[in-house]
Every structure is written in C-alpha cells, then in structure tokens.
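Novice: Once you've had a glance at the structure underneath, I'll fire off some questions.
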Amino acid sequence: MEPVYRYAVSYAHGRDEAWVARFLDELRLRLDSGGGPRFGRLVPPAAPSEGQEEGSYGVRTADIVLALCSPAYFNEGPAQRDWAVLALRRSLGQARTGISPQPVLPLVWEPVDRLLPGPVATADTFSAGQPTEYRSLGLALMTMQATRYRRALDRVLDGIVARMTEMATAGVPAPELDDRFAGEAPDALSADDAAFTERFRKEVAPVLPALPVARTLSARGASGTQGTEPDGSAPQPDHVLAAELLPELGRRILLVGPPGAGHSTELARLVGRALDDAASGPNGGGRDAAGAVPGPTGAGRAPWGCRIPFVLSARSGGLPRLDGMVPTLAPLAAPQEPAGWAARQLRSGRAFLAVDDLDAVPAGNRAAVWEWLLHLLETHPEAPCVIATNGTGVPWTRLGDAFRIAGLRPLSADDVRTLLDSHAATSPEGRQALAVLLRQFDTDPLLVGLAGRPAAATALLRAADASLASPVPRYRLLRAAVSAVWRRAREETAGPSAPPVPGLAAHQVPDSVLRAASGRLALTVLGLDSARIPLRAALSALRTPGAFDTVPPERLLAALADRAGVVFRPGPDTVAFPSPEVRTFLAAHHLAHAPGAGNDELLGRHTPAELVELLDQLRSAEAGTGAGRSVLATSVGPPRRLSAGHPPPRPALRRAGVRSSAEVHALLRAGTAVPELHCSGPVDGLAETLPRLPGLRSLVLTDDPSLLALPELAGCRTLRSVRVLRCPNLRDLTALESSTVMFLDIDPWPDLPVPDGLRRAPWLSRVNLVTDGRGPRPTAVHAPPGTVFPEVRIRRRLHG
C-alpha cells in the first residue's frame with residue numbers, strides 16, 4: 001500500500017484565512033496531480049480542543065510542517081510554540097538515528113523585514129532560486145493577485161511540491177511527540193535573543209532625565225472599586241508609598257494625574273533602573289535560575305525583574321506596533337533585531353511597557369489606541385505595564401480589577417527647593433533668582449502649593465530669572481505657574497510643514513471657553529475640601545445655558561482634562577483639580593473677569609483669605625493698567641500662547657444636490673458647509689433642515705409639481721438667492737416676507753399677476769419671472785409712493 005505523507009500548516013490564525021485556504025487549495029491540486037507520493041493535510045477538527053490556541057494542529061505528528069512566515073506570525077501567531085515542538089522533534093531524531101531530520105519548510109507568506117531567528121534561517125533554504133516576486137511580495141499578495149502573478153506563482157508552487165517530495169522520500173522521519181513531551185519543549189526562537197537584548201539595552205536611553213528628588217505616590221485599589229463605598233460612606237484613605245516602590249502595586253498600574261505632575265520623568269526613572277540593573281538571567285532577562293519572574297522589587301533592582309524597557313509615546317497620534325518598537329526606541333539596533341523579539345520578551349515577562357502621552361492622542365483616535373493597548377496586554381499577561389494619563393478617554397469599565405490607580409503626590413517644600421537648586425546651579429543669575437523666589441516662598445503658602453508640581457516650579461524660576469531688575473508681582477508668578485501646566489493646542493505646536501494628524505476633532509473648544517469653564521468649575525467647588533469632585537456636580541457646574549457657546553458639558557469637561565489640568569475620573573464618577581492652590585487661582589481669575597451677583601453670593605459663603613487677597617491684587621493690577629487681561633499666560637520667559645484659536649474651517653462643497661430628506665440630514669451630520677443646495681423633486685422637512693445648514697447662500701428647487709408654497713425661510717440668515725425651476729403649481733410666496741432673500745427667480749411662472757405681497761419682503765431686491773409666452777403678460781403691481789419695491793423683470797420664453 002502506497003504511504004500517505006501527512007503535512008500540517010503553521011500560520012497566524014485569524015489573518016488572511018480566505019487567502020490561506022485558497023493557497024492551500026491550489027497546493028492540494030498540485031500535489032494530487034503531480035504523480036509523486038501521496039500527501040494528506042492534517043485538518044483540525046471542527047470543535048477546537050482546549051490547548052489548540054497554544055500551537056497549530058498537527059505540528060507534533062506531521063511528516064512535514066509548512067510554516068507561513070510573516071511579521072504577524074512571529075509577533076502574534078503560534079511561531080514560538082510550533083518551532084519549539086519542531087526543534088524538540090529534530091533533536092530527538094538526531095539522538096535516535098544520528099541524522100537530524102528536517103520536518104519544516106518555511107515559506108514567505110509576507111516579507112519579514114527583520115532577521116529571521118536562527119532555527120528559521122537555517123531551515124529556510126527554499127528562498128534561494130525563487131522568483132523575485134516571491135521574496136519581495138510573498139505568497140499572500142501573489143495569491144490575492146493570482147492573475148497578475150500567475151507565472152511566478154506557478155513556479156513557486158512547483159518548487160514547493162518538489163521540495164515536499166524530496167523531504168518525504170529522502171529524509172529521515174521526525175519522531176512524533178505526545179502531550180507530555182510537547183509540554184516540555186524548550187523555546188527555540190529565543191535561543192539567539194540574549195545577544196540582541198544586550199545590544200538593545202546599550203542603544204535605548206531614557207527620553208527624559210529623572211528628577212533629582214524622590215517622589216511619593218498616592219495609591220488606591222483596583223479601578224472600578226474606588227470612589228464612594230457601596231453604603232455611600234467616604235472612600236478609604238489612599239495608600240502612600242515611595243515612587244521607587246511602584247512595582248509593588250502590581251503588574252498593571254494606571255498613573256493618573258494632570259499635565260506637569262512629572263509622570264514622564266517617573267517613567268524615565270523606571271527606564272533608568274531597568275538599564276542600570278546588571279543581573280542577567282540565562283536568556284538575558286531578569287529571571288531566576290528556575291526561569292520564574294521575580295516578584296515585586298525594591299529600589300535597588302530592576303522593576304518587576306525586567307531589564308528591557310519599552311517606553312512608548314503616543315505623541316505622534318498612536319502607538320507603534322510590536323515589530324516597530326525597536327525602530328522607535330533604538331533605531332541603530334533595528335537591523336539586527338530577530339523577528340518577533342519584542343513579542344517574546346513581553347510574552348515571557350522579561351520586558352515591561354511604559355505608555356506616555358495618551359492624552360495627546362486626538363479624541364477621535366483615543367478609543368482605537370486603547371483598544372490596541374488592551375488587546376496587547378490581554379495577549380501578553382506576564383508583561384508589566386504602567387500607563388500615564390489624565391483619565392480622559394480611559395475605558396474604566398473594561399479595566400476591571402486588573403489595574404491599580406496611583407498618582408504622584410505634590411513635591412514637599414524641601415523637595416521644591418532641591419529641584420529649583422538643581423536648575424539654578426548652572427548660572428549666577430539663576431542662583432540670584434532662586435534666592436528671591438525662596439524668600440517669597442517663606443511668606444506665601446499659595447505660591448509654595450503651586451510649586452508642588454515640577455512644571456510649575458520650573459516656570460516660577462524662569463519668571464523670577466527674567467525679571468531680576470524689579471520684583472515680580474505675586475499675581476504674575478501665580479499666573480506663570482498655572483500657565484505652565486496648560487497643554488498647548490496641536491495647531492500651535494505643529495510647524496507649517498508638519499503632516500496632519502488623522503482623526504483630529506473638527507470642532508475644538510477654544511481656549512477662552514476652556515479658561516472660563518475651568519474658572520467657573522473651580523469657583524463652584526471652592527468649598528470642597530476633597531480633591532475628588534462628584535462627576536454629577538462637575539457637570540451641573542458647567543451646564544449653564546448659553547455660557548460656553550453651547551458646548552456639551554461632557555465634552556467640555558473632557559477638554560478641560562486635556563488642556564487645563566483637571567483630572568478626569570481618577571475614580572468612578574469623580575473628577576479632580578490638581579491642588580487647592582490651582583483651584584484658588586482659577587476661581588480668583590474667573591471672579592476678576594466675570595463679576596456677577598451669583599459669584600458674589602458664592603464668594604460670601606466661602607471666603608478663604610488667600611482667595612480674597614489674590615482677587616484684590618488681580619482687580620487692582622488691572623485697574624491700574626486700564627485694561628483687563630484674561631489670558632492665563634506669563635509675560636516673561638519663553639512664549640506660551642494661550643489665545644483663543646479659531647476652529648479649523650469646516651469641510652465645504654461648492655454645490656450639493658439632494659433628492660430626499662435623508663440626503664439633507666447626511667449633510668447635517670457631516671457638518672459640511674454648502675453654499676448652494678439643489679433640491680430635485682419632493683424633499684420633505686426643508687423648513688426644519690435648511691436653517692441648520694451652515695453657509696447656505698443659494699437654494700434651487702427643481703422638478704416638483706407638488707410644490708405649492710415656498711418652505712419657511714425665516715431661520716436661514718445667510719440665504720440670499722432662491723431659484724424655482726419647473727415647479728408649475730407654485731403660488732404662495734409669503735415665506736419671503738420673513739427671510740433675508742435678495743434675489744428670486746421662477747421659471748416658469750404661470751400666467752398670473754405678480755403677488756402684491758412681494759413688496760412686504762424687506763430684503764428682496766430683484767425678481768425674475770419667466771413665462772411660457774402663451775397667455776397674456778402678467779401685470780406688475782405698482783408700489784405706493786415712497787415704497788421700496790423690488791425690481792420685477794418678466795421675460796417671455798420664445799417657442800419655435
């Protein structure tokens with residue numbers, strides 16, 4: 001009986017399934033008609049077994065394994081598990097017979113722009129002599145465009161059949177493995193990772209230097225369990241610990257805080273600790289002799305025992321892929337990266353993720369970035385992760401109990417002095433400015449409280465350094481400190497040649513609205529002692545009709561978190577200001593520029609001495625200059641503009657044609673400016689939708705025999721021209737009496753007198769009426785003396 005050689009396929013399941021099936025079907029036809037040995041594919045059963053996701057079906061028992069190599073195969077697919085089993089079968093065959101079997105045939109499914117791991121590179125002898133399309137495009141694209149690459153694809157398929165025939169007939173069969181042996185298979189692809197790990201550690205460097213002062217953390221329990229207790233009582237107090245002990249909180253940490261609190265520098269400190277750790281396990285990671293990941297570490301060891309840091313910044317609008325981490329963090333080491341190296345380090349727990357600048361991602365892209373990040377953490381459960389965010393856009397409900405919430409506490413007075421001394425030690429002018437600033441710290445607790453955030457402390461030193469000739473007024477120092485933590489708009493930071501960021505919100509909230517909203521929110525919650533404010537109270541404070549250009553409170557609160565230093569949802573249903581001192585300044589700033597009976601009444605109930613003193617200083621300073629300055633910007637040091645920028649222009653169409661009310665509503669949803677709108681046939685609901693179309697200047701109604709009267713045009717403030725074509729039953733023109741229409745054209749106009757009501761249209765300047773020329777000429781209505789009547793032109797259409 002002729003033997004049947006079994007073959008299995010190892011590939012990234014869930015990707016290109018249809019094209020994989022098409023390729024395998026063509027290969028099956030070639031194998032069946034080739035006249036050589038018989039082959040049968042090991043097809044997985046319909047109901048997957050428990051451990052099927054750990055590897056591909058049939059790898060332990062097949063005579064030949066086809067490996068469809070691609071970036072996803074090494075990063076997300078079963079490559080690590082499958083090649084471990086294949087390496088074990090090969091080593092067992094060598095030990096039993098003295099000849100090493102070759103049970104695997106690597107195929108280029110998609111080009112891999114990284115060095116192939118050692119076992120794959122050794123087995124990949126098929127690529128030599130194959131067509132250029134095979135190496136540059138891969139089998140995936142050649143199969144998708146089989147008509148275009150038919151000749152090259154046929155040649156590759158013939159080569160695969162010949163190689164499989166050679167492996168089946170001339171090779172030594174590899175021994176089959178049972179579950180016990182397969183479970184003990186060593187990791188084959190990471191055998192050459194240790195050398196590259198050391199190369200990566202030499203190339204990668206912290207993005208920012210760590211602060212010269214030690215920080216403390218305020219940690220809470222898992223996300224979704226904090227806020228108020230189930231019985232409505234106050235939450236449990238936060239757990240305070242040193243920032244060096246951050247890994248002791250767990251392997252999933254959310255570092256929540258406003259801009260300028262120093263999150264980036266603390267992530268840089270973690271990177272420095274990982275790179276300074278000299279302990280090296282057998283695979284270049286921080287594992288012990290048994291291969292286990294060490295537990296939480298103290299200040300003297302690598303965090304979580306991980307010597308490989310992946311610090312990812314979303315400043316560019318997204319996060320890099322797994323195979324793009326090394327080119328992003330260590331571009332000089334990227335050419336030597338083995339394929340799948342980053343995924344193997346995360347999967348084994350030898351590397352940790354530190355994600356920064358998620359708040360800089362445009363609102364339209366933030367959900368997609370979080371989705372990718374959560375998927376990455378779910379597929380690599382052993383990888384520790386620290387995510388710095390202000391809380392906006394965080395999918396709190398999906399985090400569950402896996403994440404611990406922590407925040408950096410403000411710097412103490414001694415730490416502020418140490419930080420400023422490190423900045424001022426480089427120049428005599430800096431030391432002189434520091435001496436002046438420290439004297440003010442001794443008598444001004446509000447100034448000391450604002451300096452508790454590193455960004456604000458640095459801004460205070462710059463403001464004092466730039467005005468050594470004369471003392472800096474207290475309110476200017478406070479303004480400089482608060483302005484330092486405002487995040488500038490993306491349009492202000494991007495240069496004229498910078499590429500546009502996809503997904504950027506089309507309608508941004510102006511800075512003037514954000515400043516007013518932030519001050520009003522600070523004033524409303526002035527009497528609260530806790531840093532956390534109930535979300536309902538914050539939304540009610542911003543839900544003032546017409547106060548903020550009809551911006552929804554939910555969107556306004558999220559924009560405040562992105563721009564003004566308010567933390568959005570540090571726990572369920574809460575928001576927070578960074579410190580009472582920031583709240584006090586914003587409240588005083590708002591009162592100084594928006595006086596009112598309501599504000600005075602609220603101020604009468606809560607009269608802290610710092611607020612009253614600062615409010616008097618702001619009012620007297622602006623009364624002396626004769627002009628109020630309501631911009632939170634420092635007048636010294638590097639320019640940091642916070643002026644209210646104009647929103648980006650709306651997308652516009654010169655002319656749009658619609659045939660139904662659904663098409664009109666589509667224009668409304670898109671927010672597209674339409675200067676000229678053509679309505680063909682009956683279109684319902686024009687009276688409601690026309691006033692909501694931005695920039696409408698010309699309206700054309702055509703081919704509607706059922707049109708008896710013009711739609712209501714009172715709300716169309718920009719409409720200037722109306723044309724009616726081929727609507728023979730139009731009689732009622734009274735809608736013009738309450739509109740701003742200046743030009744009216746009707747073709748054809750029935751043989752009727754010109755309506756007397758046209759003279760009551762206040763803006764109508766000219767009327768063109770076209771008749772068919774068959775009846776008597778319509779008579780024009782003569783206006784009474786002193787009446788401004790529109791010019792009416794009646795034109796007959798000549799026939800034949």
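The chains in the structure tokens are called A, B, ... from first to last as shown; in each chain the residues are counted from 1, and the ligands are counted from 1 in the order shown.
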Residues at most 10 Å from Tyr73 in chain A, counting only C-alpha atoms, excluding those fewer than 6 positions away in the same chain, as JSON, numbers by chain?

Specialist: {"A": [10, 11, 12, 13, 15, 67, 79, 80, 109, 110, 112, 339, 340]}

Novice: Could the residues in this selection be saved with C-alpha atoms as a PDB file, in the first residue's frame?

Specialist:
```
ATOM      1  CA  SER A  10       1.573  26.697  10.889  1.00  0.00           C
ATOM      2  CA  TYR A  11       0.438  30.300  10.368  1.00  0.00           C
ATOM      3  CA  ALA A  12      -1.085  33.286  12.155  1.00  0.00           C
ATOM      4  CA  HIS A  13      -4.673  32.150  12.604  1.00  0.00           C
ATOM      5  CA  ARG A  15      -5.443  36.666   9.497  1.00  0.00           C
ATOM      6  CA  ALA A  67       5.390  27.492   8.117  1.00  0.00           C
ATOM      7  CA  ALA A  79       5.512  30.516  15.889  1.00  0.00           C
ATOM      8  CA  GLN A  80       7.106  30.320  19.320  1.00  0.00           C
ATOM      9  CA  TRP A 109       3.820  34.377   3.308  1.00  0.00           C
ATOM     10  CA  GLU A 110       4.593  38.074   3.823  1.00  0.00           C
ATOM     11  CA  VAL A 112       9.693  39.885   7.084  1.00  0.00           C
ATOM     12  CA  ALA A 339      11.804  38.715  14.096  1.00  0.00           C
ATOM     13  CA  GLY A 340       9.384  38.528  16.992  1.00  0.00           C
TER      14      GLY A 340
END
```

Novice: What does the structure give for the distance between CA of Pro381 in chain A and CA of Val20 in chain A, in Å to one decimal?

Specialist: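 It comes out at 28.8 Å.
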
Novice: Show me, as a VMD selection string, the residues that have an atom within 10 Å of Asp16 in chain A when counting only C-alpha atoms, minus same-chain residues fewer than 5 positions from it.

Specialist: chain A and resid 11 21 to 22 140 144

Novice: Which value, in Å to one decimal, gives the distance between CA of Arg163 in chain A and CA of Leu105 in chain A?

Specialist: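 Interatomic distance, CA of Arg163 in chain A to CA of Leu105 in chain A: 8.3 Å.
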
Novice: Quick one: everything within 9 Å of Ala274 in chain A, counting only C-alpha atoms, minus sequence neighbours fewer than 5 positions away in the same chain. Send it as number ranges by chain.

Specialist: A: 269, 301-303, 305-309

Novice: Nearest to Val361 in chain A among A:Pro117, A:Gly318, A:Pro259, A:Gly40, with distances taken over only C-alpha atoms: which residue is it?

Specialist: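 For Val361 in chain A, the nearest of the candidates is A:Gly318.
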
Novice: Using only C-alpha atoms, pick whichever of A:Asp772, A:Glu244, A:Glu581, A:Glu176 has the shortest atom-to-atom distance to Ala456 in chain A.

Specialist: A:Glu581

Novice: Show which residues sit within 12 Å of Gln440 in chain A, as a ChimeraX atom specification. Count only C-alpha atoms, and ignore same-chain residues fewer than 6 positions away.

Specialist: /A:433-434,446-448,451,460-461,464,471-474,477-478

Novice: Report as a PyMOL selection string all protein, DNA and RNA residues lying within 9 Å of Ala459 in chain A, evaluated on only C-alpha atoms, omitting residues in the same chain fewer than 4 positions from it.

Specialist: chain A and resi 451+454-455+463-464+477+480-484+634+637

Novice: Please provide as a PyMOL selection string all residues within 9 Å of Phe39 in chain A, with the sequence filter that same-chain residues fewer than 3 positions apart are discarded (counting only C-alpha atoms).

Specialist: chain A and resi 3-7+28+31-32

Novice: Return the single residue from A:Pro209, A:Ala621, A:Ala670, A:Pro755 that is closest to Arg692 in chain A, with distances computed using only C-alpha atoms.

Specialist: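 Using only C-alpha atoms, the shortest distance to Arg692 in chain A belongs to A:Ala670.
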
Novice: Per DSSP on the backbone, filter range 356-399 of chain A down to the residues in alpha helix (DSSP H) and report them as a list of chain:residue names.

Specialist: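 For range 356-399 of chain A, the alpha helix (DSSP H) set is A:Ala363, A:Gly364, A:Asn365, A:Arg366, A:Ala367, A:Ala368, A:Val369, A:Trp370, A:Glu371, A:Trp372, A:Leu373, A:Leu374, A:His375, A:Leu376, A:Leu377, A:Glu378, A:Thr379, A:Trp396, A:Thr397, A:Arg398, A:Leu399.
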
Novice: Rank A:Phe403, A:Ala588, A:Glu76, A:Ser661 by their smallest atom-to-atom distance to Thr689 in chain A, using only C-alpha atoms, and report the top residue only.

Specialist: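 That would be A:Ser661, the residue with the smallest distance to Thr689 in chain A.
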
Novice: What does the distance between CA of Pro44 in chain A and CA of Met164 in chain A come to in Å, to one decimal place?

Specialist: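 These two atoms are separated by 20.6 Å.
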
Novice: Pick from A:Phe577, A:Val612, A:Arg409, A:Pro553: nearest to Val240 in chain A, with only C-alpha atoms counted?

Specialist: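 Ranked by minimum distance to Val240 in chain A, first place goes to A:Arg409.
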
Novice: Under the rule that only C-alpha atoms are counted, which of A:Ser316, A:Glu378, A:Thr584, A:Pro258 is the nearest residue to Arg569 in chain A?

Specialist: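 That would be A:Pro258, the residue with the smallest distance to Arg569 in chain A.
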